[in-house]
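Structure file work.txt with compact mmCIF, C-alpha atoms:
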# COMPACT_ATOMS: atom_id res chain seq x y z
CA MET V 1 -29.98 -2.97 -57.81
CA THR V 2 -26.37 -1.84 -58.27
CA THR V 3 -23.66 -4.33 -59.12
CA THR V 4 -20.18 -4.48 -57.68
CA ALA V 5 -18.76 -2.81 -60.76
CA GLU V 6 -21.13 0.16 -60.39
CA ARG V 7 -20.22 0.86 -56.74
CA PRO V 8 -17.90 3.82 -56.25
CA PRO V 9 -14.42 2.89 -54.99
CA ARG V 10 -13.89 3.25 -51.23
CA ALA V 11 -11.79 6.26 -50.49
CA GLY V 12 -8.65 5.51 -48.50
CA ARG V 13 -7.00 7.71 -45.95
CA GLY V 14 -4.50 9.87 -47.74
CA PRO V 15 -1.91 12.22 -46.27
CA ALA V 16 -4.50 14.99 -46.05
CA GLU V 17 -6.76 12.86 -43.80
CA ALA V 18 -3.92 11.32 -41.74
CA ALA V 19 -2.62 14.73 -40.68
CA PRO V 20 -5.85 15.79 -38.84
CA LEU V 21 -5.96 12.37 -37.17
CA ARG V 22 -2.42 12.83 -35.87
CA GLU V 23 -3.36 16.29 -34.64
CA VAL V 24 -6.38 14.93 -32.80
CA LEU V 25 -4.30 12.20 -31.15
CA ALA V 26 -1.61 14.70 -30.23
CA ALA V 27 -4.22 17.02 -28.74
CA ARG V 28 -5.70 14.19 -26.66
CA VAL V 29 -2.27 13.12 -25.41
CA ALA V 30 -1.50 16.73 -24.50
CA ALA V 31 -4.81 17.04 -22.65
CA LEU V 32 -4.12 13.82 -20.75
CA ARG V 33 -0.63 15.00 -19.85
CA GLU V 34 -2.04 18.34 -18.71
CA SER V 35 -4.58 16.59 -16.49
CA PHE V 36 -1.78 14.58 -14.83
CA ASP V 37 0.28 17.75 -14.30
CA ARG V 38 -2.41 19.37 -12.18
CA PRO V 39 -1.46 20.10 -8.55
CA LEU V 40 -4.08 17.80 -6.98
CA THR V 41 -3.36 14.76 -9.17
CA SER V 42 -1.24 12.99 -6.54
CA TYR V 43 -3.82 13.75 -3.86
CA TYR V 44 -6.72 12.16 -5.73
CA LEU V 45 -4.66 9.22 -7.01
CA LEU V 46 -3.65 8.39 -3.45
CA LEU V 47 -7.18 8.68 -2.08
CA GLY V 48 -8.62 6.56 -4.88
CA SER V 49 -6.01 3.78 -4.86
CA VAL V 50 -5.85 3.47 -1.06
CA GLY V 51 -9.64 3.51 -0.72
CA LEU V 52 -10.11 0.82 -3.37
CA LEU V 53 -7.32 -1.38 -1.98
CA LEU V 54 -8.76 -1.14 1.52
CA THR V 55 -12.24 -2.00 0.25
CA ILE V 56 -10.96 -4.99 -1.73
CA GLY V 57 -8.95 -6.05 1.31
CA LEU V 58 -11.98 -6.06 3.60
CA ILE V 59 -14.00 -8.06 1.06
CA MET V 60 -11.21 -10.60 0.63
CA VAL V 61 -10.58 -10.91 4.37
CA LEU V 62 -14.26 -11.69 4.85
CA SER V 63 -14.21 -14.27 2.07
CA SER V 64 -10.85 -15.94 2.78
CA SER V 65 -11.27 -16.14 6.57
CA SER V 66 -14.89 -17.31 6.78
CA VAL V 67 -14.11 -21.04 6.90
CA TRP V 68 -11.19 -20.66 9.30
CA SER V 69 -13.23 -18.34 11.55
CA TYR V 70 -16.11 -20.81 11.61
CA ARG V 71 -13.79 -23.58 12.83
CA VAL V 72 -11.81 -21.56 15.37
CA PHE V 73 -14.46 -19.20 16.79
CA ASP V 74 -17.29 -21.66 17.47
CA GLY V 75 -19.31 -21.19 14.31
CA ASN V 76 -18.75 -17.43 13.92
CA SER V 77 -17.71 -16.95 10.29
CA TYR V 78 -17.36 -13.17 10.71
CA ALA V 79 -14.96 -13.07 13.69
CA VAL V 80 -11.77 -12.29 11.73
CA PHE V 81 -13.55 -9.83 9.44
CA LEU V 82 -15.03 -7.95 12.39
CA LYS V 83 -11.59 -7.70 13.99
CA GLN V 84 -10.16 -6.28 10.78
CA LEU V 85 -13.07 -3.84 10.50
CA THR V 86 -12.46 -2.78 14.11
CA TRP V 87 -8.82 -2.03 13.29
CA VAL V 88 -9.96 0.09 10.35
CA PHE V 89 -12.24 2.16 12.58
CA LEU V 90 -9.46 2.47 15.18
CA ALA V 91 -7.10 3.73 12.47
CA VAL V 92 -9.47 6.47 11.26
CA PRO V 93 -8.66 9.09 13.98
CA PHE V 94 -4.93 8.42 13.65
CA VAL V 95 -5.14 8.84 9.88
CA LEU V 96 -7.04 12.12 10.24
CA VAL V 97 -4.35 13.41 12.59
CA ALA V 98 -1.64 12.25 10.17
CA VAL V 99 -3.29 14.09 7.28
CA ARG V 100 -3.50 17.38 9.17
CA ILE V 101 -0.43 17.38 11.43
CA PRO V 102 2.12 20.13 10.61
CA HIS V 103 5.41 18.77 9.34
CA ARG V 104 7.47 20.61 11.97
CA VAL V 105 5.39 18.94 14.70
CA LEU V 106 5.76 15.55 13.05
CA ARG V 107 9.54 15.83 13.05
CA ARG V 108 9.53 16.19 16.83
CA PHE V 109 8.33 12.59 17.12
CA ALA V 110 11.31 11.17 15.19
CA TRP V 111 13.60 10.34 18.11
CA PRO V 112 10.80 9.29 20.55
CA ALA V 113 9.27 6.99 17.88
CA LEU V 114 12.64 5.36 17.23
CA ALA V 115 13.31 4.89 20.95
CA VAL V 116 9.87 3.35 21.58
CA SER V 117 10.32 0.98 18.62
CA LEU V 118 13.72 -0.19 19.89
CA VAL V 119 12.30 -0.83 23.36
CA LEU V 120 9.32 -2.77 22.00
CA LEU V 121 11.55 -4.84 19.73
CA ALA V 122 13.82 -5.66 22.65
CA LEU V 123 10.83 -6.65 24.83
CA THR V 124 9.84 -9.33 22.32
CA GLN V 125 12.88 -11.33 23.46
CA THR V 126 11.78 -11.23 27.11
CA ALA V 127 8.98 -13.05 28.92
CA MET V 128 6.51 -10.62 27.33
CA GLY V 129 7.37 -11.93 23.88
CA VAL V 130 5.05 -14.36 22.08
CA THR V 131 6.21 -16.98 19.60
CA VAL V 132 4.06 -17.40 16.49
CA GLN V 133 5.01 -20.05 13.90
CA GLY V 134 8.56 -20.21 15.20
CA ASN V 135 9.15 -16.44 15.16
CA LYS V 136 9.34 -14.62 18.47
CA ASN V 137 8.36 -11.24 17.08
CA TRP V 138 5.05 -10.58 18.84
CA LEU V 139 4.47 -8.71 22.09
CA ALA V 140 1.63 -9.35 24.53
CA LEU V 141 0.17 -6.13 25.94
CA GLY V 142 -2.72 -7.34 28.06
CA PRO V 143 -5.41 -8.90 25.86
CA VAL V 144 -3.85 -7.45 22.70
CA GLN V 145 -0.88 -8.83 20.77
CA ILE V 146 1.08 -6.45 18.57
CA GLN V 147 4.00 -6.86 16.19
CA PRO V 148 6.53 -4.12 17.04
CA ALA V 149 8.40 -4.66 13.78
CA GLU V 150 5.45 -3.15 11.88
CA LEU V 151 5.63 -0.01 14.03
CA ALA V 152 9.39 0.03 13.53
CA LYS V 153 8.95 0.46 9.75
CA LEU V 154 7.11 3.75 10.16
CA ALA V 155 9.40 4.91 12.98
CA ALA V 156 12.49 4.10 10.89
CA ILE V 157 11.22 6.11 7.91
CA LEU V 158 10.30 9.06 10.15
CA TRP V 159 13.70 9.07 11.88
CA CYS V 160 15.75 8.62 8.67
CA ALA V 161 13.81 11.39 6.92
CA HIS V 162 14.40 13.71 9.88
CA ILE V 163 18.14 12.97 9.93
CA PHE V 164 18.58 13.39 6.18
CA ALA V 165 16.56 16.63 6.15
CA THR V 166 18.63 18.00 9.02
CA LYS V 167 21.89 17.15 7.21
CA GLU V 168 20.61 18.20 3.78
CA ARG V 169 23.64 20.42 3.02
CA LEU V 170 26.15 17.81 4.22
CA LEU V 171 24.93 14.84 2.20
CA ASP V 172 27.62 15.35 -0.45
CA ASN V 173 30.00 13.78 2.04
CA TRP V 174 29.44 10.01 2.16
CA LYS V 175 30.28 9.91 5.88
CA HIS V 176 27.35 12.18 6.69
CA THR V 177 25.16 10.09 4.38
CA LEU V 178 25.91 6.84 6.21
CA VAL V 179 26.32 8.04 9.80
CA PRO V 180 24.26 7.74 11.96
CA VAL V 181 21.59 6.20 9.70
CA VAL V 182 23.32 2.94 8.78
CA PRO V 183 24.54 1.98 12.31
CA VAL V 184 21.19 2.77 13.94
CA MET V 185 19.19 0.98 11.26
CA GLY V 186 21.58 -1.94 11.57
CA LEU V 187 20.54 -2.12 15.23
CA VAL V 188 16.85 -2.08 14.30
CA VAL V 189 17.33 -4.79 11.67
CA GLY V 190 19.39 -6.83 14.13
CA LEU V 191 16.59 -6.79 16.72
CA VAL V 192 14.11 -7.86 14.05
CA VAL V 193 16.41 -10.67 12.92
CA LEU V 194 16.76 -11.75 16.54
CA GLY V 195 13.06 -12.56 16.43
CA HIS V 196 13.61 -14.62 13.23
CA ASP V 197 11.44 -12.26 11.17
CA LEU V 198 13.31 -12.41 7.87
CA GLY V 199 10.54 -10.78 5.80
CA THR V 200 10.35 -7.60 7.89
CA ALA V 201 14.15 -7.41 8.02
CA LEU V 202 14.28 -7.45 4.21
CA VAL V 203 11.63 -4.72 3.99
CA LEU V 204 13.57 -2.54 6.46
CA MET V 205 16.74 -3.01 4.46
CA ALA V 206 14.87 -2.10 1.27
CA ILE V 207 13.60 1.09 2.93
CA VAL V 208 17.11 2.11 4.00
CA LEU V 209 18.57 1.34 0.57
CA GLY V 210 15.78 3.29 -1.13
CA LEU V 211 16.37 6.34 1.05
CA LEU V 212 20.14 6.16 0.53
CA TRP V 213 19.54 6.06 -3.22
CA VAL V 214 17.30 9.13 -2.98
CA VAL V 215 19.93 11.13 -1.06
CA GLY V 216 22.62 10.09 -3.54
CA ALA V 217 24.75 7.54 -1.69
CA PRO V 218 27.71 6.05 -3.63
CA GLY V 219 27.00 2.99 -5.79
CA LYS V 220 29.66 0.84 -4.11
CA MET V 221 27.65 0.95 -0.91
CA PHE V 222 24.62 -0.62 -2.61
CA VAL V 223 26.70 -3.55 -3.83
CA GLY V 224 28.05 -4.08 -0.33
CA SER V 225 24.57 -3.82 1.18
CA LEU V 226 23.17 -6.41 -1.22
CA LEU V 227 26.02 -8.77 -0.33
CA VAL V 228 25.34 -8.26 3.37
CA ALA V 229 21.62 -8.89 2.82
CA GLY V 230 22.37 -12.10 0.92
CA VAL V 231 24.71 -13.38 3.62
CA LEU V 232 22.18 -12.47 6.30
CA ALA V 233 19.36 -14.29 4.49
CA LEU V 234 21.48 -17.41 4.03
CA THR V 235 22.56 -17.33 7.68
CA LEU V 236 18.96 -17.10 8.86
CA ALA V 237 17.95 -19.87 6.47
CA ALA V 238 20.73 -22.11 7.77
CA THR V 239 19.43 -21.79 11.34
CA SER V 240 16.08 -23.33 10.38
CA LYS V 241 15.64 -26.62 8.55
CA GLU V 242 12.18 -25.60 7.29
CA ARG V 243 13.43 -22.21 6.07
CA MET V 244 16.37 -23.82 4.27
CA SER V 245 14.11 -26.32 2.52
CA ARG V 246 11.82 -23.50 1.38
CA LEU V 247 14.82 -21.59 0.06
CA LEU V 248 16.02 -24.60 -1.93
CA THR V 249 12.64 -25.58 -3.40
CA PHE V 250 10.77 -22.28 -3.86
CA SER V 251 11.23 -22.23 -7.65
CA ASP V 252 9.51 -25.64 -7.94
CA PRO V 253 7.34 -26.23 -4.86
CA PHE V 254 5.93 -29.44 -6.34
CA GLN V 255 9.26 -31.15 -5.66
CA SER V 256 8.33 -31.18 -1.97
CA PHE V 257 4.57 -31.05 -2.35
CA ASP V 258 3.88 -32.82 0.96
CA GLY V 259 6.55 -30.83 2.81
CA SER V 260 7.87 -27.29 2.54
CA GLY V 261 6.25 -26.75 -0.87
CA TRP V 262 2.69 -27.41 0.31
CA GLN V 263 1.71 -23.77 0.84
CA ALA V 264 3.30 -22.43 -2.34
CA ALA V 265 1.90 -25.28 -4.45
CA HIS V 266 -1.66 -24.71 -3.24
CA GLY V 267 -1.22 -21.00 -3.85
CA ILE V 268 -0.42 -21.83 -7.47
CA PHE V 269 -3.46 -24.13 -7.59
CA ALA V 270 -5.65 -21.25 -6.41
CA LEU V 271 -4.29 -18.78 -8.95
CA SER V 272 -4.42 -21.21 -11.87
CA SER V 273 -7.99 -22.31 -11.15
CA GLY V 274 -9.28 -18.73 -11.10
CA GLY V 275 -9.09 -18.30 -14.85
CA LEU V 276 -9.84 -14.94 -16.40
CA PHE V 277 -12.74 -13.73 -14.25
CA GLY V 278 -12.47 -16.07 -11.25
CA LYS V 279 -14.96 -18.36 -9.56
CA GLY V 280 -16.75 -15.53 -7.80
CA ILE V 281 -16.41 -13.98 -4.35
CA GLY V 282 -16.73 -16.67 -1.67
CA ALA V 283 -16.29 -19.58 -4.10
CA SER V 284 -12.64 -20.37 -3.33
CA GLN V 285 -11.91 -24.04 -2.68
CA GLN V 286 -8.35 -23.63 -1.37
CA LYS V 287 -9.50 -21.65 1.67
CA TRP V 288 -11.27 -24.75 3.03
CA GLY V 289 -8.10 -25.86 4.77
CA THR V 290 -5.64 -26.84 2.07
CA LEU V 291 -4.05 -23.38 1.79
CA PRO V 292 -2.39 -22.20 5.04
CA ALA V 293 -2.58 -18.48 5.91
CA ALA V 294 -5.30 -17.92 3.32
CA HIS V 295 -6.40 -14.63 4.93
CA THR V 296 -2.91 -13.32 5.77
CA ASP V 297 0.23 -14.06 3.74
CA PHE V 298 -1.52 -15.89 0.86
CA ILE V 299 -4.62 -13.76 0.49
CA PHE V 300 -3.47 -12.80 -3.03
CA ALA V 301 -3.86 -16.46 -4.05
CA VAL V 302 -7.48 -16.51 -2.83
CA LEU V 303 -8.05 -13.19 -4.60
CA GLY V 304 -6.79 -14.71 -7.84
CA GLU V 305 -9.00 -17.77 -7.41
CA GLU V 306 -12.16 -15.78 -6.73
CA LEU V 307 -11.60 -12.69 -8.94
CA GLY V 308 -9.37 -14.24 -11.60
CA LEU V 309 -6.69 -12.60 -13.67
CA VAL V 310 -8.78 -9.45 -13.96
CA GLY V 311 -8.90 -9.04 -10.18
CA THR V 312 -5.18 -9.61 -9.69
CA LEU V 313 -4.31 -7.15 -12.45
CA LEU V 314 -6.67 -4.60 -10.87
CA VAL V 315 -4.87 -4.93 -7.52
CA LEU V 316 -1.48 -4.62 -9.23
CA ALA V 317 -2.68 -1.52 -11.10
CA LEU V 318 -3.86 0.07 -7.85
CA PHE V 319 -0.49 -0.58 -6.17
CA LEU V 320 1.34 0.83 -9.20
CA THR V 321 -0.92 3.90 -9.10
CA LEU V 322 -0.09 4.34 -5.43
CA ALA V 323 3.63 4.01 -6.20
CA TYR V 324 3.40 6.54 -9.04
CA ALA V 325 1.58 9.05 -6.83
CA GLY V 326 4.07 8.57 -3.98
CA LEU V 327 7.09 9.10 -6.23
CA ARG V 328 5.36 12.08 -7.81
CA VAL V 329 4.93 13.64 -4.37
CA ALA V 330 8.59 12.98 -3.55
CA ARG V 331 9.68 14.59 -6.82
CA ARG V 332 7.45 17.68 -6.67
CA THR V 333 7.64 18.66 -3.02
CA ALA V 334 10.04 21.43 -1.96
CA ASP V 335 10.40 20.22 1.64
CA PRO V 336 13.36 17.81 2.04
CA PHE V 337 11.72 16.08 5.01
CA ALA V 338 8.52 15.47 3.04
CA ARG V 339 10.56 14.25 0.06
CA TYR V 340 12.42 11.62 2.10
CA MET V 341 9.30 10.57 3.99
CA ALA V 342 7.30 10.17 0.77
CA ALA V 343 10.09 8.15 -0.86
CA GLY V 344 10.46 5.89 2.20
CA ILE V 345 6.74 5.20 2.51
CA THR V 346 6.49 4.43 -1.22
CA VAL V 347 9.44 2.02 -1.05
CA TRP V 348 7.90 0.34 2.01
CA ILE V 349 4.46 -0.31 0.54
CA THR V 350 5.67 -1.14 -2.97
CA GLY V 351 8.58 -3.32 -1.83
CA GLN V 352 6.43 -5.32 0.58
CA MET V 353 3.80 -5.78 -2.14
CA MET V 354 6.43 -7.10 -4.56
CA ILE V 355 7.84 -9.53 -2.00
CA ASN V 356 4.40 -10.85 -1.03
CA ILE V 357 3.19 -11.33 -4.61
CA GLY V 358 6.52 -12.82 -5.64
CA MET V 359 6.18 -15.25 -2.75
CA VAL V 360 2.67 -16.28 -3.84
CA LEU V 361 3.80 -16.71 -7.45
CA ALA V 362 6.70 -18.94 -6.31
CA LEU V 363 9.22 -16.38 -7.59
CA LEU V 364 10.55 -15.86 -4.05
CA PRO V 365 10.78 -18.12 -0.99
CA VAL V 366 7.86 -18.12 1.44
CA ILE V 367 9.04 -15.83 4.26
CA GLY V 368 5.75 -14.79 5.86
CA LEU V 369 4.93 -11.23 4.82
CA PRO V 370 1.40 -9.77 4.47
CA LEU V 371 0.08 -7.88 1.46
CA PRO V 372 -0.29 -4.21 2.51
CA LEU V 373 -3.88 -2.98 2.98
CA VAL V 374 -5.29 -6.32 1.83
CA SER V 375 -4.11 -9.02 4.24
CA TYR V 376 -5.60 -9.48 7.69
CA GLY V 377 -3.64 -8.02 10.61
CA GLY V 378 -4.18 -4.90 12.68
CA SER V 379 -0.53 -4.48 13.66
CA ALA V 380 0.33 -4.15 9.97
CA LEU V 381 -2.78 -2.28 8.86
CA LEU V 382 -2.72 0.60 11.33
CA PRO V 383 0.89 1.77 10.70
CA SER V 384 0.36 1.38 6.95
CA LEU V 385 -2.75 3.57 7.00
CA VAL V 386 -1.02 6.19 9.16
CA ALA V 387 1.93 6.23 6.75
CA LEU V 388 -0.39 6.65 3.78
CA GLY V 389 -2.21 9.41 5.66
CA LEU V 390 1.13 11.22 5.94
CA LEU V 391 1.66 10.68 2.21
CA VAL V 392 -1.74 12.28 1.53
CA SER V 393 -0.68 15.18 3.78
CA PHE V 394 2.46 15.70 1.72
CA ALA V 395 0.34 15.62 -1.46
CA ARG V 396 -1.91 18.32 0.00
CA HIS V 397 1.13 20.56 0.39
CA GLU V 398 2.56 20.13 -3.11
CA PRO V 399 3.29 23.39 -4.95
CA GLY V 400 -0.08 24.83 -5.96
CA ALA V 401 -2.11 22.02 -4.36
CA GLU V 402 -3.43 24.06 -1.44
CA GLU V 403 -4.46 26.95 -3.71
CA ALA V 404 -6.17 24.55 -6.13
CA ARG V 405 -8.04 22.86 -3.29
CA LEU V 406 -9.24 26.20 -1.88
CA ALA V 407 -10.27 27.40 -5.35
CA ARG V 408 -12.25 24.21 -5.93
CA ARG V 409 -13.94 24.63 -2.55
CA ARG V 410 -14.87 28.23 -3.39
CA ARG V 411 -16.33 27.12 -6.73
CA GLY V 412 -18.38 24.48 -4.95
CA ASP V 413 -19.64 27.01 -2.41
CA ALA V 414 -20.53 29.38 -5.24
CA VAL V 415 -22.51 26.68 -7.04
CA VAL V 416 -24.40 25.82 -3.84
CA ALA V 417 -25.07 29.50 -3.09
CA GLY V 418 -26.20 30.13 -6.68
CA GLY V 419 -28.60 27.23 -6.54
CA PHE V 420 -30.02 28.47 -3.23
CA ARG V 421 -30.47 32.00 -4.57
CA GLY V 422 -32.11 30.66 -7.72
CA ARG V 423 -34.54 28.62 -5.64
CA LEU V 424 -35.45 31.70 -3.60
CA ALA V 425 -35.93 33.74 -6.76
CA ARG V 426 -38.23 31.12 -8.27
CA GLN V 427 -40.29 31.00 -5.09
CA ALA V 428 -40.54 34.79 -5.02
CA SER V 429 -41.65 34.93 -8.68
CA ARG V 430 -44.52 32.52 -8.20
CA PRO V 431 -47.93 34.27 -8.24
CA ARG V 432 -49.61 34.38 -4.88
CA VAL V 433 -53.06 32.77 -4.79
CA ALA V 434 -55.59 34.61 -2.66
CA ARG V 435 -57.10 32.30 -0.10
CA PRO V 436 -60.64 32.81 1.21
CA ARG V 437 -60.82 34.17 4.72
CA GLY V 438 -60.99 31.40 7.30
CA ALA V 439 -59.54 28.72 4.97
CA ARG V 440 -57.02 26.31 6.49
CA ARG V 441 -53.46 26.56 5.28
Using the file provided, produce a representation of the structure as structure tokens.
Amino acid sequence: MTTTAERPPRAGRGPAEAAPLREVLAARVAALRESFDRPLTSYYLLLGSVGLLLTIGLIMVLSSSSVWSYRVFDGNSYAVFLKQLTWVFLAVPFVLVAVRIPHRVLRRFAWPALAVSLVLLALTQTAMGVTVQGNKNWLALGPVQIQPAELAKLAAILWCAHIFATKERLLDNWKHTLVPVVPVMGLVVGLVVLGHDLGTALVLMAIVLGLLWVVGAPGKMFVGSLLVAGVLALTLAATSKERMSRLLTFSDPFQSFDGSGWQAAHGIFALSSGGLFGKGIGASQQKWGTLPAAHTDFIFAVLGEELGLVGTLLVLALFLTLAYAGLRVARRTADPFARYMAAGITVWITGQMMINIGMVLALLPVIGLPLPLVSYGGSALLPSLVALGLLVSFARHEPGAEEARLARRRRGDAVVAGGFRGRLARQASRPRVARPRGARR
């Protein structure tokens, strides 16, 4: 038995051993960077993040709405989930068209889409309009109720991208940058504000500001726009006692726990009780009636309660992946129209996500805005999926992406054909066994 004194000293890492380690790390970083620089990276990141977010959304809609559905729909706990699933299936053909539509054909819909959106927004203030929770921003079309403001987001991005791409060589002049985009979008935002939908108005303003930043608008205009947005938000808040109280107490909802802070406070209860890994899918306690809008605006709180910190960080990572892929498409594409469309869609989805999560975390006032791809609501889900389908289409047309996709398809066909030929060769090489005459095969 060897003693401690007899053991050879442990060799430490000297400069000679540290150098190969640095080389290995550098090689791995270079390989990772090379994999992210491939033409189809944006395409697969978009497909993966959108697919996972949609799957998580369907699971959470089923879980968060089961109690409410049971009470409202005569014991049917799956009513809301089945409606959401129906909207997903309805969106599939539109998404497939969006992925494959040529960009020159898409641009032809810019003016008609804007005109239809303006008409639908105006109709919400007529007898066809429906008031929901104090906001007259819904439209009754037979048995179906839609929210035209959600369609207006996609129409606004399409129209702005078309205008900026048409005036690409004139955007050095600030007048061409602002006109006609700012006046027309001011009209769209005004119609949305007329229906008291502050959340959608803020998202539309964020989209316009994001696109103006992409085209290189002067910095003074952003300061003025933020001031206008602040004045507009305060004006809307002043017209509603409930909205004003939420604005004054959002940072500490427990000050008015039994009043305007009820929803935000119970959202914090849900998130804090989830812990690291959550209580498990379906085990939320706040969805049993204490948390309003558990399957719509505050679904992130139920997600945090049931899936814990790990689940919320996963959703945030998926949204950040989507944002990275969208900005990567906007940066790499050579088509100005695709660049502006990709930037607008990315700002829309990312900005709305930040507002919704900030609202649930009591960092922003509760203004009633769903979490994209996760919250319940067909009027919001269908335009979002179509917009992301267009983003996937732009990723398919990145420089080198189409060639890489065709090359991968040819390699797959070659592997399948090689396997088929090998199977035929093995069958042909097998010795034939002579069967006696009259024997059954």
Using all atoms listed in the file, which residues sit within 10 Å of V:Tyr78 once same-chain residues fewer than 5 positions away are excluded, as a PyMOL selection string?
-> chain V and resi 61-63+65-70+73+83-84
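Checking V:Thr131, V:Thr235, V:Ser42, V:Thr312 one by one against V:Met60, counting all atoms listed in the file, you find the shortest gap at V:Thr312.
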Exercise: V:Phe298 partners within 9 Å, all atoms listed in the file, chain neighbours under 3 positions left out, as a ChimeraX atom specification = /V:263-264,267,291-295,301-303,356-357,359-360,368-371,375
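Note that the spacing between atom CA of V:Leu123 and atom CA of V:Gln352 amounts to 24.7 Å.
If you look at atom CA of V:Ala338 and atom CA of V:Asp197, they are 29.0 Å away from each other.
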Using all atoms listed in the file, which residues sit within 12 Å of V:Gly400 once same-chain residues fewer than 4 positions away are excluded, as an NGL selection string?
-> :V and (37-43 or 332-334 or 395-396 or 404-407)
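Interatomic distance, atom CA of V:Leu390 against atom CA of V:Pro143: 29.1 Å.
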Can you fill out stretch 257-269 of chain V with N, CA and C atoms and hand it back as an mmCIF file, keeping the file's coordinate frame?
data_model
loop_
_atom_site.group_PDB
_atom_site.id
_atom_site.type_symbol
_atom_site.label_atom_id
_atom_site.label_comp_id
_atom_site.auth_asym_id
_atom_site.auth_seq_id
_atom_site.Cartn_x
_atom_site.Cartn_y
_atom_site.Cartn_z
ATOM 1 N N PHE V 257 5.991 -31.409 -2.447
ATOM 2 C CA PHE V 257 4.570 -31.050 -2.350
ATOM 3 C C PHE V 257 4.006 -31.338 -0.954
ATOM 4 N N ASP V 258 4.395 -32.456 -0.355
ATOM 5 C CA ASP V 258 3.880 -32.820 0.960
ATOM 6 C C ASP V 258 4.698 -32.222 2.100
ATOM 7 N N GLY V 259 5.709 -31.426 1.779
ATOM 8 C CA GLY V 259 6.550 -30.830 2.810
ATOM 9 C C GLY V 259 6.535 -29.318 2.748
ATOM 10 N N SER V 260 7.733 -28.738 2.519
ATOM 11 C CA SER V 260 7.870 -27.290 2.540
ATOM 12 C C SER V 260 7.173 -26.611 1.361
ATOM 13 N N GLY V 261 6.891 -27.354 0.284
ATOM 14 C CA GLY V 261 6.250 -26.750 -0.870
ATOM 15 C C GLY V 261 4.736 -26.767 -0.846
ATOM 16 N N TRP V 262 4.145 -27.278 0.240
ATOM 17 C CA TRP V 262 2.690 -27.410 0.310
ATOM 18 C C TRP V 262 1.977 -26.079 0.117
ATOM 19 N N GLN V 263 2.398 -25.060 0.883
ATOM 20 C CA GLN V 263 1.710 -23.770 0.840
ATOM 21 C C GLN V 263 1.858 -23.109 -0.527
ATOM 22 N N ALA V 264 3.079 -23.076 -1.037
ATOM 23 C CA ALA V 264 3.300 -22.430 -2.340
ATOM 24 C C ALA V 264 2.573 -23.175 -3.459
ATOM 25 N N ALA V 265 2.569 -24.500 -3.403
ATOM 26 C CA ALA V 265 1.900 -25.280 -4.450
ATOM 27 C C ALA V 265 0.394 -25.021 -4.451
ATOM 28 N N HIS V 266 -0.223 -24.971 -3.281
ATOM 29 C CA HIS V 266 -1.660 -24.710 -3.240
ATOM 30 C C HIS V 266 -1.976 -23.259 -3.592
ATOM 31 N N GLY V 267 -1.026 -22.357 -3.357
ATOM 32 C CA GLY V 267 -1.220 -21.000 -3.850
ATOM 33 C C GLY V 267 -1.257 -20.952 -5.367
ATOM 34 N N ILE V 268 -0.406 -21.742 -6.014
ATOM 35 C CA ILE V 268 -0.420 -21.830 -7.470
ATOM 36 C C ILE V 268 -1.718 -22.484 -7.954
ATOM 37 N N PHE V 269 -2.170 -23.510 -7.238
ATOM 38 C CA PHE V 269 -3.460 -24.130 -7.590
ATOM 39 C C PHE V 269 -4.581 -23.092 -7.570
#
